[in-house]
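Source file: query.txt (compact mmCIF, C-alpha atoms and all ligand atoms)
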# COMPACT_ATOMS: atom_id res chain seq x y z
CA MET I 1244 4.00 -20.29 -20.25
CA THR I 1245 6.82 -19.59 -17.82
CA PRO I 1246 6.73 -16.07 -16.37
CA GLU I 1247 9.81 -13.98 -17.22
CA ILE I 1248 11.03 -12.12 -14.15
CA THR I 1249 13.26 -9.06 -14.65
CA PRO I 1250 14.40 -7.37 -11.42
CA THR I 1251 14.59 -3.56 -11.33
CA ASP I 1252 17.82 -1.71 -10.46
CA ALA I 1253 16.48 -1.07 -6.94
CA THR I 1254 16.56 -3.49 -3.99
CA LEU I 1255 12.90 -4.31 -4.62
CA GLY I 1256 10.60 -4.81 -7.59
CA ALA I 1257 10.59 -6.94 -10.73
CA VAL I 1258 8.78 -6.71 -14.05
CA VAL I 1259 6.94 -9.89 -15.04
CA GLY I 1260 6.38 -10.75 -18.69
CA ASN I 1261 5.21 -13.74 -20.71
CA VAL I 1262 2.17 -14.23 -18.54
CA ARG I 1263 -1.58 -13.65 -18.76
CA LEU I 1264 -3.01 -13.09 -15.29
CA ALA I 1265 -6.55 -13.70 -16.49
CA ALA I 1266 -5.64 -17.30 -17.37
CA LEU I 1267 -2.98 -18.47 -14.97
CA ASP I 1268 -2.28 -22.12 -14.17
CA GLY I 1269 -1.12 -23.30 -10.74
CA GLU I 1270 2.49 -23.64 -11.80
CA ALA I 1271 2.73 -20.11 -13.14
CA PHE I 1272 1.02 -18.79 -10.00
CA ALA I 1273 3.55 -20.61 -7.81
CA ALA I 1274 6.40 -18.98 -9.79
CA ILE I 1275 4.76 -15.57 -9.37
CA GLU I 1276 4.26 -16.03 -5.64
CA GLU I 1277 7.89 -17.07 -5.22
CA ALA I 1278 9.08 -14.04 -7.21
CA TRP I 1279 6.79 -11.81 -5.15
CA HIS I 1280 8.36 -13.02 -1.91
CA ALA I 1281 11.81 -12.33 -3.35
CA HIS I 1282 11.11 -8.91 -4.91
CA ALA I 1283 8.14 -7.65 -2.78
CA VAL I 1284 6.72 -5.64 -5.72
CA LEU I 1285 5.77 -7.20 -9.07
CA ILE I 1286 4.86 -5.16 -12.13
CA PHE I 1287 2.74 -6.78 -14.85
CA PRO I 1288 2.60 -4.48 -17.90
CA GLY I 1289 -0.35 -4.50 -20.27
CA GLN I 1290 -2.65 -7.00 -18.53
CA HIS I 1291 -5.89 -5.01 -19.09
CA LEU I 1292 -7.82 -7.03 -16.49
CA SER I 1293 -11.52 -6.47 -15.96
CA GLU I 1294 -12.54 -5.76 -12.36
CA GLN I 1295 -13.73 -9.36 -12.00
CA GLU I 1296 -10.45 -10.72 -13.38
CA GLN I 1297 -8.53 -8.54 -10.92
CA VAL I 1298 -10.68 -9.85 -8.05
CA ASP I 1299 -10.16 -13.45 -9.19
CA PHE I 1300 -6.36 -13.04 -9.45
CA SER I 1301 -6.26 -11.21 -6.09
CA ARG I 1302 -8.16 -13.98 -4.31
CA ARG I 1303 -5.37 -16.41 -5.09
CA PHE I 1304 -3.31 -14.53 -2.48
CA GLY I 1305 -6.01 -14.73 0.21
CA PRO I 1306 -9.35 -13.24 1.30
CA LEU I 1307 -9.97 -9.64 0.27
CA GLU I 1308 -10.26 -6.67 2.57
CA ARG I 1309 -13.22 -4.32 2.26
CA SER I 1310 -12.76 -0.61 1.67
CA LEU I 1311 -12.49 1.83 4.48
CA THR I 1312 -15.17 4.10 3.14
CA LYS I 1313 -18.20 3.90 0.90
CA THR I 1314 -16.84 6.97 -0.93
CA HIS I 1315 -14.31 4.80 -2.75
CA THR I 1316 -16.57 1.92 -3.81
CA GLN I 1317 -19.43 1.39 -6.22
CA GLY I 1318 -21.21 -1.78 -5.16
CA ASP I 1319 -18.55 -4.39 -4.35
CA PRO I 1320 -16.79 -3.21 -1.14
CA ALA I 1321 -13.65 -5.17 -2.14
CA ILE I 1322 -13.12 -3.07 -5.29
CA ILE I 1323 -11.68 0.32 -4.42
CA HIS I 1324 -11.83 3.11 -6.98
CA LEU I 1325 -9.03 5.64 -6.61
CA SER I 1326 -10.13 8.29 -9.03
CA ASN I 1327 -10.50 12.02 -9.42
CA VAL I 1328 -13.10 11.47 -12.17
CA LYS I 1329 -16.75 12.04 -11.27
CA LYS I 1330 -19.58 9.99 -12.78
CA ASP I 1331 -20.32 12.84 -15.19
CA GLY I 1332 -16.70 12.90 -16.39
CA THR I 1333 -15.70 16.17 -14.69
CA LEU I 1334 -12.92 16.09 -12.08
CA TRP I 1335 -12.87 16.38 -8.30
CA GLY I 1336 -10.71 19.34 -7.28
CA ALA I 1337 -7.73 19.02 -4.96
CA ASP I 1338 -9.72 20.69 -2.16
CA SER I 1339 -12.79 18.42 -2.37
CA ASP I 1340 -13.25 15.58 0.17
CA THR I 1341 -12.25 13.08 -2.53
CA GLY I 1342 -9.23 15.18 -3.50
CA ARG I 1343 -8.06 15.30 0.12
CA LEU I 1344 -8.65 11.58 0.68
CA LEU I 1345 -6.51 10.86 -2.40
CA LYS I 1346 -3.84 13.34 -1.28
CA GLY I 1347 -3.11 11.18 1.76
CA ASN I 1348 -1.86 8.48 -0.64
CA ASN I 1349 0.95 10.80 -1.70
CA TYR I 1350 2.84 10.28 1.57
CA TRP I 1351 4.82 7.11 2.33
CA HIS I 1352 2.54 4.51 3.86
CA THR I 1353 1.59 0.88 4.01
CA ASP I 1354 -2.08 0.14 3.37
CA SER I 1355 -4.31 -0.42 6.39
CA SER I 1356 -1.56 -0.26 9.02
CA TYR I 1357 -4.18 1.62 11.06
CA LYS I 1358 -6.36 -1.51 11.12
CA ARG I 1359 -5.97 -4.06 13.92
CA ILE I 1360 -5.09 -6.72 11.32
CA PRO I 1361 -3.28 -4.76 8.59
CA ALA I 1362 -3.36 -5.69 4.90
CA LYS I 1363 -1.08 -8.32 3.44
CA ALA I 1364 -0.95 -7.03 -0.14
CA SER I 1365 -2.49 -4.55 -2.53
CA LEU I 1366 -3.07 -4.82 -6.27
CA LEU I 1367 -3.51 -1.72 -8.37
CA THR I 1368 -4.49 -1.46 -12.03
CA ALA I 1369 -4.38 1.65 -14.19
CA LYS I 1370 -7.58 2.52 -16.10
CA ILE I 1371 -6.88 6.17 -16.94
CA VAL I 1372 -3.39 7.67 -16.57
CA PRO I 1373 -2.56 11.37 -16.59
CA ARG I 1374 -0.31 12.77 -19.32
CA THR I 1375 2.13 14.03 -16.70
CA GLY I 1376 2.97 12.57 -13.28
CA GLY I 1377 0.78 10.03 -11.51
CA GLU I 1378 3.61 7.56 -10.88
CA THR I 1379 3.68 5.33 -7.80
CA ALA I 1380 6.87 4.92 -5.77
CA PHE I 1381 7.75 1.85 -3.69
CA ALA I 1382 10.32 1.63 -0.89
CA ASP I 1383 11.96 -1.54 0.43
CA MET I 1384 11.64 -1.77 4.23
CA ARG I 1385 13.69 -5.00 4.32
CA ALA I 1386 16.72 -3.24 2.86
CA ALA I 1387 15.97 -0.22 5.09
CA TYR I 1388 16.15 -2.48 8.14
CA ASP I 1389 19.36 -4.06 6.88
CA ALA I 1390 20.89 -0.58 6.50
CA LEU I 1391 20.36 0.30 10.18
CA ASP I 1392 23.30 0.01 12.54
CA ALA I 1393 23.27 -2.77 15.13
CA ALA I 1394 22.49 -0.43 18.06
CA MET I 1395 19.44 0.98 16.28
CA ARG I 1396 18.20 -2.48 15.34
CA ASP I 1397 18.51 -3.55 18.99
CA TRP I 1398 16.73 -0.46 20.24
CA LEU I 1399 13.87 -0.90 17.77
CA ALA I 1400 13.52 -4.64 18.32
CA ASP I 1401 10.73 -4.43 20.89
CA LYS I 1402 9.25 -1.03 19.99
CA ILE I 1403 5.53 -0.70 19.31
CA ALA I 1404 4.07 2.19 17.32
CA VAL I 1405 0.53 3.54 17.50
CA HIS I 1406 -1.00 3.76 14.01
CA SER I 1407 -3.99 6.02 13.52
CA TYR I 1408 -5.91 7.05 10.42
CA ALA I 1409 -7.30 10.06 12.28
CA TYR I 1410 -3.69 11.18 12.84
CA SER I 1411 -2.51 10.64 9.26
CA GLN I 1412 -5.60 12.06 7.57
CA GLY I 1413 -5.78 14.95 10.04
CA LYS I 1414 -2.30 15.93 8.88
CA VAL I 1415 -3.45 16.30 5.24
CA GLY I 1416 -6.81 17.86 6.17
CA GLY I 1417 -8.58 14.77 4.84
CA MET I 1418 -11.07 14.07 7.62
CA GLY I 1419 -14.11 14.64 5.37
CA GLY I 1420 -15.66 11.94 3.20
CA ILE I 1421 -15.66 9.53 6.13
CA THR I 1422 -18.81 9.09 8.20
CA GLN I 1423 -18.85 9.06 12.02
CA ASP I 1424 -19.74 5.34 11.91
CA GLU I 1425 -16.66 4.72 9.76
CA TRP I 1426 -14.45 6.68 12.20
CA ASP I 1427 -15.91 4.66 15.10
CA ASP I 1428 -14.55 1.51 13.43
CA LEU I 1429 -11.04 3.03 13.28
CA PRO I 1430 -9.62 3.43 16.79
CA PRO I 1431 -5.80 3.78 17.02
CA VAL I 1432 -4.02 0.41 16.95
CA GLU I 1433 -0.58 -0.82 17.98
CA GLN I 1434 1.85 -2.40 15.53
CA PRO I 1435 5.45 -3.57 16.05
CA VAL I 1436 8.05 -1.29 14.41
CA ILE I 1437 9.99 -4.36 13.26
CA ARG I 1438 8.23 -7.24 11.59
CA THR I 1439 9.53 -10.61 10.44
CA HIS I 1440 8.17 -11.69 7.09
CA PRO I 1441 6.29 -14.98 7.52
CA ALA I 1442 7.38 -16.39 4.13
CA THR I 1443 11.02 -15.28 3.98
CA GLY I 1444 11.99 -14.82 7.64
CA ARG I 1445 13.55 -11.45 6.74
CA ARG I 1446 13.10 -8.58 9.16
CA ASN I 1447 11.86 -5.20 8.05
CA LEU I 1448 10.76 -1.80 9.26
CA TYR I 1449 7.00 -1.30 9.54
CA ILE I 1450 6.41 2.46 9.62
CA GLY I 1451 4.89 5.15 7.35
CA ARG I 1452 2.46 8.03 7.65
CA HIS I 1453 -0.11 6.26 9.82
CA ALA I 1454 2.52 5.62 12.54
CA SER I 1455 1.88 8.36 15.08
CA HIS I 1456 4.29 7.73 17.97
CA ILE I 1457 6.03 4.97 19.93
CA VAL I 1458 4.41 3.43 22.99
CA GLY I 1459 6.29 4.26 26.21
CA GLU I 1460 8.46 6.96 24.58
CA ASP I 1461 8.01 10.73 24.55
CA HIS I 1462 5.02 11.39 22.27
CA ASP I 1463 6.41 14.31 20.23
CA GLU I 1464 10.00 13.12 20.14
CA SER I 1465 9.05 9.63 19.02
CA ARG I 1466 6.78 11.12 16.35
CA LYS I 1467 9.70 13.16 15.01
CA PHE I 1468 11.94 10.11 15.24
CA LEU I 1469 9.50 8.00 13.18
CA GLU I 1470 9.28 10.73 10.54
CA GLU I 1471 13.07 10.90 10.25
CA LEU I 1472 13.36 7.12 10.18
CA CYS I 1473 10.90 7.08 7.29
CA VAL I 1474 12.81 9.73 5.31
CA GLU I 1475 16.05 7.79 5.76
CA ALA I 1476 14.40 4.45 4.91
CA CYS I 1477 12.87 5.75 1.68
CA ARG I 1478 16.08 6.59 -0.16
CA PRO I 1479 17.80 5.02 -3.18
CA PRO I 1480 18.71 2.25 -3.84
CA ARG I 1481 15.61 1.17 -1.92
CA ILE I 1482 13.15 3.01 -4.18
CA HIS I 1483 11.49 1.97 -7.39
CA ILE I 1484 9.14 4.33 -9.25
CA HIS I 1485 6.53 2.89 -11.59
CA LYS I 1486 5.34 5.03 -14.51
CA TRP I 1487 1.90 3.65 -15.33
CA GLN I 1488 0.49 2.69 -18.72
CA VAL I 1489 -3.19 1.85 -19.03
CA GLY I 1490 -3.65 -1.87 -18.34
CA ASP I 1491 -0.66 -2.31 -15.99
CA LEU I 1492 -1.17 -4.22 -12.74
CA VAL I 1493 1.20 -3.92 -9.78
CA ILE I 1494 1.08 -6.03 -6.63
CA TRP I 1495 3.04 -5.02 -3.52
CA ASP I 1496 3.63 -6.63 -0.17
CA ASN I 1497 2.24 -4.28 2.49
CA ARG I 1498 4.07 -6.19 5.21
CA CYS I 1499 7.49 -4.99 4.03
CA VAL I 1500 6.98 -2.20 1.44
CA LEU I 1501 6.01 1.46 1.74
CA HIS I 1502 4.47 3.23 -1.23
CA ARG I 1503 3.23 6.65 -2.27
CA GLY I 1504 1.66 8.33 -5.26
CA LEU I 1505 3.79 11.10 -6.75
CA GLY I 1506 0.76 13.23 -7.64
CA HIS I 1507 -0.30 14.79 -10.90
CA PRO I 1508 -1.88 18.02 -12.16
CA ALA I 1509 -5.42 18.32 -10.77
CA ASP I 1510 -6.85 19.10 -14.21
CA GLN I 1511 -5.87 15.68 -15.59
CA PRO I 1512 -7.94 12.52 -15.02
CA ARG I 1513 -6.49 9.48 -13.27
CA ARG I 1514 -8.48 6.36 -12.47
CA MET I 1515 -7.05 3.32 -10.69
CA VAL I 1516 -8.72 0.20 -9.30
CA ARG I 1517 -7.36 -1.42 -6.17
CA THR I 1518 -7.98 -4.72 -4.49
CA THR I 1519 -6.48 -5.45 -1.09
CA ILE I 1520 -5.55 -8.80 0.44
CA ALA I 1521 -6.45 -9.08 4.12
CA GLY I 1522 -3.65 -9.84 6.57
CA ASP I 1523 -3.14 -13.46 7.57
CA SER I 1524 -4.43 -13.99 11.08
CA ASP I 1525 -5.86 -16.73 13.29
CA GLU I 1526 -8.26 -14.16 14.68
CA ALA I 1527 -11.54 -13.17 13.06
CA ASN I 1528 -10.96 -10.13 10.82
CA GLU I 1529 -13.85 -7.67 10.73
CA TRP I 1530 -12.39 -6.11 7.56
CA VAL I 1531 -12.67 -9.19 5.35
CA ALA I 1532 -15.07 -8.42 2.49
C1 LIG F 1601 -2.97 2.76 -3.05
C2 LIG F 1601 -2.11 3.95 -3.17
C3 LIG F 1601 -0.99 5.39 -4.76
C4 LIG F 1601 -1.23 5.78 -6.16
O1 LIG F 1601 -3.57 2.36 -4.06
O2 LIG F 1601 -3.03 2.19 -1.96
O3 LIG F 1601 -1.60 4.42 -2.19
O4 LIG F 1601 -0.25 6.14 -6.84
N1 LIG F 1601 -1.93 4.40 -4.41
O5 LIG F 1601 -2.39 5.75 -6.58
MN MN F 1602 -1.92 3.04 -0.47

Structure rendered as C-alpha cells:
Amino acid sequence: MTPEITPTDATLGAVVGNVRLAALDGEAFAAIEEAWHAHAVLIFPGQHLSEQEQVDFSRRFGPLERSLTKTHTQGDPAIIHLSNVKKDGTLWGADSDTGRLLKGNNYWHTDSSYKRIPAKASLLTAKIVPRTGGETAFADMRAAYDALDAAMRDWLADKIAVHSYAYSQGKVGGMGGITQDEWDDLPPVEQPVIRTHPATGRRNLYIGRHASHIVGEDHDESRKFLEELCVEACRPPRIHIHKWQVGDLVIWDNRCVLHRGLGHPADQPRRMVRTTIAGDSDEANEWVA
C-alpha cells in the first residue's frame, strides 16, 4: 500500500488515505514521515485505532512524553484523555477544574513549550465528537516566519521568550486540577522565538499562549508584542481547520505548528485521546514516559 497524500488548501496540512496505521510497513512509514516534514500536519481519516495501536504508531516517531497532570490520565501516563465526560457518563461543566484545564487548549499554543525540552509532536484521535463545534485549528509557523519582513526577522533572530504554564493557565483561570508537586516541576523556561527545523532546515516562529514575555525587553510591552505577533501569524492562508469524525487521527509537528480547539457547547460530550512525542535532545528528559 502506498499512502495517498492530498495537501489542504492552506500552507500546511495534508490528508492521508490508502493506509492502515495499525499495520504499517517500514516503507509506508518512511513515506508518511517525509510527508509530515513537508506538510507539518497529517490527517488520517477513519483509522479507529485502539489506545495501544495509537501508542505503537506514536512510538515510531520517538519516545513518548508523560502527561502534565494525573487528572488527564487513567493508568498509562503517556495516554492523555482530553474529555469532558465523567466516568459515570455525565459531563464536566465549563467552570469545573477539568473544564478550565480544557479551556486553555482553545487558545493558540504548541504543546509543552513550557517544558525545558518541549514536545516534538502530538497525535490526537477522536473517540466521541460533539454534534456542533469541537474542531481543531492548526497554524503554520514556517509560513508565518516567511511572511515577516526582513527587519523583523533580523530583530527576532536572537530573541528568547519565557514560556510558563502558570502564566498561560492563570490567564484562563485554570490553575486548579494541578497539584503543588506538579507545579513545582513546571518552573518558567526559556525558548528561542525562532527555531530551525532539524529535518527541513526551515525557520519558523515558536510562540503561542505559553510565551509570556521576551528576555531583556520590557515585560509588558514584549508580552503585548508576542500576542500581536501570534494574531498576525495565525491568519489564512496559514490556517487549516479539521472537523473531526470518530476514528480520525491527526499528527502535528509541535516544533513549527500552533493549534487550538475551537470549542463546543458544554452540554455535548467530546472525548479525545492524545499521545505526545518527546522533543529530541542529547540531554536527559525528565518528561519521557
Ligand atoms: C491537544 C489540544 C485541542 C483540541 O490535544 O493538545 O490542544 O481540539 N487539543 O482538543
Ligand atoms: Mn494542545

Taking only residues of chain I that have an atom at most 10 Å from an atom of ligand MN 1602 (chain F), what is each one's shortest atom pair and its distance in Å to one decimal, using all atoms listed in the file, in chain and number order, as JSON lines?
{"residue": "I:Leu1325", "atom": "CA", "partner": "F:MN1602", "partner_atom": "MN", "distance": 9.7}
{"residue": "I:Leu1345", "atom": "CA", "partner": "F:MN1602", "partner_atom": "MN", "distance": 9.3}
{"residue": "I:Gly1347", "atom": "CA", "partner": "F:MN1602", "partner_atom": "MN", "distance": 8.5}
{"residue": "I:Asn1348", "atom": "CA", "partner": "F:MN1602", "partner_atom": "MN", "distance": 5.4}
{"residue": "I:Asn1349", "atom": "CA", "partner": "F:MN1602", "partner_atom": "MN", "distance": 8.4}
{"residue": "I:Tyr1350", "atom": "CA", "partner": "F:MN1602", "partner_atom": "MN", "distance": 8.9}
{"residue": "I:Trp1351", "atom": "CA", "partner": "F:MN1602", "partner_atom": "MN", "distance": 8.4}
{"residue": "I:His1352", "atom": "CA", "partner": "F:MN1602", "partner_atom": "MN", "distance": 6.4}
{"residue": "I:Thr1353", "atom": "CA", "partner": "F:MN1602", "partner_atom": "MN", "distance": 6.1}
{"residue": "I:Asp1354", "atom": "CA", "partner": "F:MN1602", "partner_atom": "MN", "distance": 4.8}
{"residue": "I:Ser1355", "atom": "CA", "partner": "F:MN1602", "partner_atom": "MN", "distance": 8.0}
{"residue": "I:Ser1365", "atom": "CA", "partner": "F:MN1602", "partner_atom": "MN", "distance": 7.9}
{"residue": "I:Leu1366", "atom": "CA", "partner": "F:MN1602", "partner_atom": "MN", "distance": 9.8}
{"residue": "I:Leu1367", "atom": "CA", "partner": "F:MN1602", "partner_atom": "MN", "distance": 9.4}
{"residue": "I:Thr1379", "atom": "CA", "partner": "F:MN1602", "partner_atom": "MN", "distance": 9.5}
{"residue": "I:Trp1495", "atom": "CA", "partner": "F:MN1602", "partner_atom": "MN", "distance": 9.9}
{"residue": "I:Asn1497", "atom": "CA", "partner": "F:MN1602", "partner_atom": "MN", "distance": 8.9}
{"residue": "I:Leu1501", "atom": "CA", "partner": "F:MN1602", "partner_atom": "MN", "distance": 8.4}
{"residue": "I:His1502", "atom": "CA", "partner": "F:MN1602", "partner_atom": "MN", "distance": 6.4}
{"residue": "I:Arg1503", "atom": "CA", "partner": "F:MN1602", "partner_atom": "MN", "distance": 6.5}
{"residue": "I:Gly1504", "atom": "CA", "partner": "F:MN1602", "partner_atom": "MN", "distance": 8.0}
{"residue": "I:Arg1517", "atom": "CA", "partner": "F:MN1602", "partner_atom": "MN", "distance": 9.1}
{"residue": "I:Thr1519", "atom": "CA", "partner": "F:MN1602", "partner_atom": "MN", "distance": 9.7}

Given the choices I:Thr1443, I:Ser1326, I:Ser1407, I:Gln1290, which gets closest to ligand LIG 1601 (chain F) if the distance is worked out from only C-alpha atoms and all ligand atoms?
I:Ser1326

Long-range neighbours of segment 1410-1425 of chain I as a ChimeraX atom specification, 6 Å cut-off, all atoms listed in the file, 2 positions minimum in chain:
/I:1340,1343-1344,1407-1408,1427-1428,1452-1453

Find the distance between atom CA of Glu1276 of chain I and atom CA of Pro1320 of chain I and write it in Å to one decimal.
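Distance reported for this atom pair: 25.1 Å.
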
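Between atom CA of Leu1292 of chain I and atom CA of Arg1514 of chain I there is a distance of 14.0 Å.
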
Have a look at atom CA of Ala1409 of chain I and atom CA of Asn1528 of chain I and let me know their distance in Å, one decimal.
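These two atoms are separated by 20.6 Å.
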
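Across I:Thr1439, I:Ser1356, I:Ser1293, I:Thr1333, the tightest approach to ligand LIG 1601 (chain F) is made by I:Ser1356 when counting only C-alpha atoms and all ligand atoms.
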
Could you check which of I:Gln1511, I:Ser1465, I:Thr1518, I:Asn1327 is closest to Thr1341 of chain I, using all atoms listed in the file?
I:Asn1327

Hey, which of I:Leu1469, I:Thr1368, I:Ile1520, I:Lys1486 ends up closest to Arg1303 of chain I? Count only C-alpha atoms.
I:Ile1520

Using only C-alpha atoms and all ligand atoms, which of the listed residues (I:Ala1394, I:Cys1499, I:Ile1494, I:Met1515) sits closest to ligand LIG 1601 (chain F)?
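So, comparing all the options, the nearest one is I:Met1515.
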
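Shortest separation to ligand LIG 1601 (chain F) among I:Ala1337, I:Ile1450, I:Leu1255, I:Ile1323 occurs at residue I:Ile1323, atoms counted being all atoms listed in the file.
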
Spatial sel., origin (0.3, -3.0, -14.0), limit 7 Å, only C-alpha atoms, listed as a list of chain:residue names
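Residues with an atom at most 7 Å from (0.3, -3.0, -14.0): I:Ile1286, I:Phe1287, I:Pro1288, I:Gly1289, I:Gln1290, I:Leu1367, I:Thr1368, I:Ala1369, I:Trp1487, I:Gly1490, I:Asp1491, I:Leu1492, I:Val1493.
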
May I have the residues from that selection written out with C-alpha atoms, as an mmCIF file, in the coordinates of the input?
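For reference, selection_1.cif as written:
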data_model
loop_
_atom_site.group_PDB
_atom_site.id
_atom_site.type_symbol
_atom_site.label_atom_id
_atom_site.label_comp_id
_atom_site.auth_asym_id
_atom_site.auth_seq_id
_atom_site.Cartn_x
_atom_site.Cartn_y
_atom_site.Cartn_z
ATOM 1 C CA ILE I 1286 4.860 -5.160 -12.130
ATOM 2 C CA PHE I 1287 2.740 -6.780 -14.850
ATOM 3 C CA PRO I 1288 2.600 -4.480 -17.900
ATOM 4 C CA GLY I 1289 -0.350 -4.500 -20.270
ATOM 5 C CA GLN I 1290 -2.650 -7.000 -18.530
ATOM 6 C CA LEU I 1367 -3.510 -1.720 -8.370
ATOM 7 C CA THR I 1368 -4.490 -1.460 -12.030
ATOM 8 C CA ALA I 1369 -4.380 1.650 -14.190
ATOM 9 C CA TRP I 1487 1.900 3.650 -15.330
ATOM 10 C CA GLY I 1490 -3.650 -1.870 -18.340
ATOM 11 C CA ASP I 1491 -0.660 -2.310 -15.990
ATOM 12 C CA LEU I 1492 -1.170 -4.220 -12.740
ATOM 13 C CA VAL I 1493 1.200 -3.920 -9.780
#

So which residues touch Glu1308 of chain I within 7 Å, counting only C-alpha atoms, skipping near sequence neighbours fewer than 6 positions away, as a PDB file with C-alpha atoms, in the coordinates of the input?
ATOM      1  CA  ALA I1321     -13.650  -5.170  -2.140  1.00  0.00           C
ATOM      2  CA  THR I1519      -6.480  -5.450  -1.090  1.00  0.00           C
ATOM      3  CA  ILE I1520      -5.550  -8.800   0.440  1.00  0.00           C
ATOM      4  CA  ALA I1521      -6.450  -9.080   4.120  1.00  0.00           C
ATOM      5  CA  TRP I1530     -12.390  -6.110   7.560  1.00  0.00           C
ATOM      6  CA  VAL I1531     -12.670  -9.190   5.350  1.00  0.00           C
ATOM      7  CA  ALA I1532     -15.070  -8.420   2.490  1.00  0.00           C
TER       8      ALA I1532
END

Dig up all the protein and nucleic acid residues within 6 Å of (3.2, 11.6, -8.2) in the file frame, using only C-alpha atoms, and format them as a PyMOL selection string.
chain I and resi 1376-1378+1504-1507

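Close contacts of Ile1360 of chain I, defined as residues with an atom at most 7 Å away when counting all atoms listed in the file, with chain neighbours fewer than 2 positions off set aside, comprise I:Lys1358, I:Ala1362, I:Gly1522, I:Asn1528.
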